[in-house]
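Report on the following structure.
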Amino acid sequence: MHPTETDKKDAFVVEGKLALPYQYFAGRTGSRFILGLRDDKKIRGTRCDTCNKVFVPPRQVCDRCFEKIEDKWVDAGPEGTVTGYTVIRYAEPHQPEKPPYILALIKLDNADTPIAHIVKGVPASQMKTGMRVYPVFAKKTMDSILDISHFRVVKPAFELGYTYEELEVGMSASFTKTITETDVYLFAGISGDFNPMHLNEEFAKLTPFGTRIAHGVLPQSLIAPVLGMKLPGLGTVALEITTRFKGPTYFGDTVTATAEVVELLPEKKRARLALSWTNQRGELIGEGTAVVIPPGALPMKK
Ligand SMILES: [Zn+2]
């Protein structure tokens, strides 16, 4: 039926929506893949021996040499590496998750093709390619790829400190501790220095300080957690520490040890730091320098 000239002025376009539920057979290979997720919590792929390639999700036929590989099942993962990602910010009715969320391409260990899935456990601003992830399986089966609820970022057991390339002149860090009689007595045991100026108040009254003081290297040792755990941090090797005593530490004094990067030594990728020790009265009790090898410059054992 074609509208005539007179019909045209009464012709309307009616906007509407069509719900379109659908089903399809996942195929023999796809069914077995989903069964592996659902019943065994295993992510499986198929392998082409000719091309030495593992496909996850599995394929029936190798896309390079067209060999039938539907019976060559192998396990992949469970961990994998993120090779690319995007942040989904627009809501759509059929999304598995409420935006924003991260959708990543994940190459599972032992697989040569990536799968796309949701990654959680890291803010979008800190997401990076190369991150390691592991699957979290859904508590209730969905009979689909969503039997893996999402992937989660693997947290490293230890965060290494700043590398040479990351260090900048002016960066500084501190550690603060109150020195008690217990600390002094323990340090006497550690060092073997039972000098009565540290332990015997009556003797200490005769010294220029008039009371007991801590061993000089006890407050100075507080620079070790700064260099080794903060700046540069874990993985640092100290090469040289020089110090000058500037004042005593009395029992109950709170000492702050500070290190500041003052020079980068590019030839051997080392850093020089200025060290200072102050007490709660703001008095300088010591100063010095350190030369360190930051983490990454020397190989770490696996
Ligand atoms: Zn092949």
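Residue numbers start at 1 in each chain; chains themselves are named A, B, ... in the order of the structure tokens; ligands are numbered from 1 in the order shown.
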Which residues sit within 9 Å of ligand 1, counting only C-alpha atoms and all ligand atoms, listed as a ChimeraX atom specification? /A:47-53,61-69
Emit the selected residues as an mmCIF file, in the first residue's frame, including N, CA and C atoms.
```cif
data_model
loop_
_atom_site.group_PDB
_atom_site.id
_atom_site.type_symbol
_atom_site.label_atom_id
_atom_site.label_comp_id
_atom_site.auth_asym_id
_atom_site.auth_seq_id
_atom_site.Cartn_x
_atom_site.Cartn_y
_atom_site.Cartn_z
ATOM 1 N N ARG A 47 44.025 -26.517 21.780
ATOM 2 C CA ARG A 47 45.400 -26.284 21.352
ATOM 3 C C ARG A 47 45.638 -26.832 19.944
ATOM 4 N N CYS A 48 46.289 -26.017 19.127
ATOM 5 C CA CYS A 48 46.734 -26.513 17.819
ATOM 6 C C CYS A 48 48.204 -26.893 17.955
ATOM 7 N N ASP A 49 48.493 -28.192 17.815
ATOM 8 C CA ASP A 49 49.873 -28.665 17.965
ATOM 9 C C ASP A 49 50.733 -28.203 16.787
ATOM 10 N N THR A 50 50.118 -28.080 15.627
ATOM 11 C CA THR A 50 50.872 -27.668 14.427
ATOM 12 C C THR A 50 51.386 -26.235 14.600
ATOM 13 N N CYS A 51 50.501 -25.343 15.063
ATOM 14 C CA CYS A 51 50.877 -23.924 15.205
ATOM 15 C C CYS A 51 51.406 -23.614 16.605
ATOM 16 N N ASN A 52 51.327 -24.595 17.530
ATOM 17 C CA ASN A 52 51.786 -24.389 18.899
ATOM 18 C C ASN A 52 51.047 -23.199 19.522
ATOM 19 N N LYS A 53 49.700 -23.231 19.404
ATOM 20 C CA LYS A 53 48.874 -22.109 19.837
ATOM 21 C C LYS A 53 47.691 -22.616 20.659
ATOM 22 N N VAL A 61 38.286 -25.118 15.230
ATOM 23 C CA VAL A 61 39.244 -25.216 14.120
ATOM 24 C C VAL A 61 40.293 -24.121 14.317
ATOM 25 N N CYS A 62 41.549 -24.455 14.095
ATOM 26 C CA CYS A 62 42.624 -23.458 14.217
ATOM 27 C C CYS A 62 42.457 -22.397 13.134
ATOM 28 N N ASP A 63 42.555 -21.129 13.513
ATOM 29 C CA ASP A 63 42.308 -20.073 12.525
ATOM 30 C C ASP A 63 43.520 -19.811 11.641
ATOM 31 N N ARG A 64 44.621 -20.512 11.899
ATOM 32 C CA ARG A 64 45.802 -20.326 11.052
ATOM 33 C C ARG A 64 45.935 -21.433 10.018
ATOM 34 N N CYS A 65 45.827 -22.686 10.508
ATOM 35 C CA CYS A 65 46.087 -23.805 9.594
ATOM 36 C C CYS A 65 44.822 -24.613 9.304
ATOM 37 N N PHE A 66 43.706 -24.203 9.892
ATOM 38 C CA PHE A 66 42.394 -24.838 9.666
ATOM 39 C C PHE A 66 42.344 -26.293 10.110
ATOM 40 N N GLU A 67 43.252 -26.697 10.955
ATOM 41 C CA GLU A 67 43.217 -28.057 11.489
ATOM 42 C C GLU A 67 42.094 -28.150 12.517
ATOM 43 N N LYS A 68 41.439 -29.323 12.577
ATOM 44 C CA LYS A 68 40.395 -29.542 13.587
ATOM 45 C C LYS A 68 41.081 -29.772 14.932
ATOM 46 N N ILE A 69 40.709 -28.943 15.927
ATOM 47 C CA ILE A 69 41.392 -29.055 17.228
ATOM 48 C C ILE A 69 40.384 -29.233 18.351
#
```
Determine, counting only C-alpha atoms, which protein, DNA and RNA residues have an atom within 12 Å of an atom of A:Ala124; residues of the same chain fewer than 4 positions away are not included. Present the result as a PDB file with C-alpha atoms, in the first residue's frame.
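The resulting file, result-v3.pdb, is reproduced below:
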```
ATOM      1  CA  TYR A  85      41.522  -2.416  29.011  1.00  0.00           C
ATOM      2  CA  THR A  86      38.817   0.207  28.855  1.00  0.00           C
ATOM      3  CA  VAL A  87      36.651   1.851  31.503  1.00  0.00           C
ATOM      4  CA  ILE A  88      32.912   1.471  30.835  1.00  0.00           C
ATOM      5  CA  ARG A  89      31.181   4.669  31.956  1.00  0.00           C
ATOM      6  CA  PRO A  99      29.238   1.483  35.445  1.00  0.00           C
ATOM      7  CA  PRO A 100      31.905   2.576  35.926  1.00  0.00           C
ATOM      8  CA  TYR A 101      33.778  -0.711  35.664  1.00  0.00           C
ATOM      9  CA  ILE A 102      36.914  -1.958  33.977  1.00  0.00           C
ATOM     10  CA  LEU A 103      36.644  -4.281  31.005  1.00  0.00           C
ATOM     11  CA  ALA A 104      39.994  -5.847  30.177  1.00  0.00           C
ATOM     12  CA  ILE A 118      35.656  -7.465  34.183  1.00  0.00           C
ATOM     13  CA  VAL A 119      38.591  -6.553  36.461  1.00  0.00           C
ATOM     14  CA  LYS A 120      38.067  -5.457  40.071  1.00  0.00           C
ATOM     15  CA  LYS A 128      47.719  -0.650  33.988  1.00  0.00           C
ATOM     16  CA  THR A 129      48.421  -3.152  31.253  1.00  0.00           C
ATOM     17  CA  VAL A 153      44.241  -7.903  40.615  1.00  0.00           C
TER      18      VAL A 153
END
```
Using the chain letters and numbers from this document, which residues of stretch 160-250 of chain A does DSSP assign to alpha helix (DSSP H), as number ranges by chain? A: 181-191, 196-199, 201-204, 217-220, 223-229
What are the closest atom pairs, with distances in Å to one decimal, for all residues of stretch 232-300 of chain A lying within 8 Å of stretch 213-223 of chain A? Consider only C-alpha atoms, order rows by chain and residue number, and present the result as a tab-separated table.
```
residue	atom	partner	partner_atom	distance
A:Phe245	CA	A:Gly216	CA	7.3
A:Pro248	CA	A:Ile213	CA	6.4
A:Thr249	CA	A:Ala214	CA	5.5
A:Tyr250	CA	A:Ile213	CA	4.6
A:Phe251	CA	A:Ile213	CA	6.3
A:Val255	CA	A:Pro219	CA	6.6
A:Thr256	CA	A:Leu222	CA	7.8
A:Ala257	CA	A:Ile223	CA	5.4
A:Thr258	CA	A:Ile223	CA	6.9
A:Ala259	CA	A:Ile223	CA	7.4
A:Leu275	CA	A:Ile223	CA	7.8
A:Trp277	CA	A:Gln220	CA	7.2
A:Gly286	CA	A:Gln220	CA	7.5
```
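Shortest atom-to-atom contact with A:Gly233 among A:Thr83, A:Gln95, A:Ser125, A:Ser172: A:Ser172, counting only C-alpha atoms.
Within the 12 Å cut-off around A:Ala76, using only C-alpha atoms and omitting residues fewer than 5 positions from it on the same chain, the listed residues are Phe33, Gly36, Leu37, Lys41, Lys42, Ile43, Arg44, Gly45, Thr46, Arg47, Lys53, Val54, Phe55, Val56, Pro57, Pro58, Ile106, Lys107, Leu108, Asp109, Asn110, Ala111, Asp112, Thr113, Pro114, Ile115, Tyr134 and Pro135 of chain A.
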So what do you get for atom CA of A:Thr176 versus atom CA of A:Thr254, distance-wise?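 According to the coordinates, atom CA of A:Thr176 and atom CA of A:Thr254 are separated by 6.8 Å.
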If we count only C-alpha atoms, what is near stretch 15-27 of chain A at a cut-off of 10 Å, once residues fewer than 5 positions away on the same chain are taken out, given as a list in words?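 Residues meeting the cut-off are Arg32, Phe33, Ile34, Gln60 and Ser144 of chain A.
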Now that the selection is made, can you save its residues with N, CA and C atoms as a short mmCIF file (atom, residue, chain, number, x, y, z; two decimals), in the first residue's frame?
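In the end it all went to again-v1.cif:
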```cif
data_model
loop_
_atom_site.label_atom_id
_atom_site.label_comp_id
_atom_site.auth_asym_id
_atom_site.auth_seq_id
_atom_site.Cartn_x
_atom_site.Cartn_y
_atom_site.Cartn_z
N ARG A 32 31.32 -27.25 26.20
CA ARG A 32 32.30 -27.89 27.07
C ARG A 32 33.10 -26.84 27.85
N PHE A 33 33.32 -25.69 27.22
CA PHE A 33 34.02 -24.58 27.88
C PHE A 33 33.21 -24.10 29.09
N ILE A 34 31.90 -23.91 28.89
CA ILE A 34 31.04 -23.41 29.97
C ILE A 34 30.88 -24.47 31.07
N GLN A 60 36.92 -24.63 17.49
CA GLN A 60 36.84 -25.98 16.95
C GLN A 60 37.94 -26.21 15.93
N SER A 144 27.24 -19.39 31.80
CA SER A 144 27.87 -18.57 30.74
C SER A 144 29.28 -18.20 31.21
#
```
Excluding A:Arg244 and its own-chain neighbours fewer than 5 positions away, which residues fall within 9 Å of it when counting only C-alpha atoms? Please give them as JSON, numbers by chain. {"A": [285, 286, 287, 288]}
In Å, rounded to a single decimal, give me how far atom CA of A:Leu231 is from atom CA of A:Ala271.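 Atom CA of A:Leu231 lies at a distance of 10.4 Å from atom CA of A:Ala271.
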Who sits within 9 Å of A:Glu283, only C-alpha atoms, same chain under 3 positions skipped, as a ChimeraX atom specification: /A:246-247,277-280
Keeping only N, CA and C atoms, take the residues you just selected and write them out as an mmCIF file, in the first residue's frame.
```
data_model
loop_
_atom_site.group_PDB
_atom_site.id
_atom_site.type_symbol
_atom_site.label_atom_id
_atom_site.label_comp_id
_atom_site.auth_asym_id
_atom_site.auth_seq_id
_atom_site.Cartn_x
_atom_site.Cartn_y
_atom_site.Cartn_z
ATOM 1 N N LYS A 246 75.815 15.501 67.209
ATOM 2 C CA LYS A 246 75.643 16.928 67.478
ATOM 3 C C LYS A 246 75.101 17.198 68.875
ATOM 4 N N GLY A 247 74.458 16.177 69.465
ATOM 5 C CA GLY A 247 73.909 16.395 70.808
ATOM 6 C C GLY A 247 73.430 15.070 71.374
ATOM 7 N N TRP A 277 69.037 14.011 62.271
ATOM 8 C CA TRP A 277 68.305 13.490 63.422
ATOM 9 C C TRP A 277 67.956 14.684 64.315
ATOM 10 N N THR A 278 66.704 14.808 64.665
ATOM 11 C CA THR A 278 66.293 15.897 65.547
ATOM 12 C C THR A 278 65.469 15.318 66.691
ATOM 13 N N ASN A 279 65.358 16.063 67.805
ATOM 14 C CA ASN A 279 64.508 15.604 68.900
ATOM 15 C C ASN A 279 63.247 16.460 68.978
ATOM 16 N N GLN A 280 62.417 16.177 69.993
ATOM 17 C CA GLN A 280 61.105 16.856 70.104
ATOM 18 C C GLN A 280 61.250 18.341 70.428
#
```
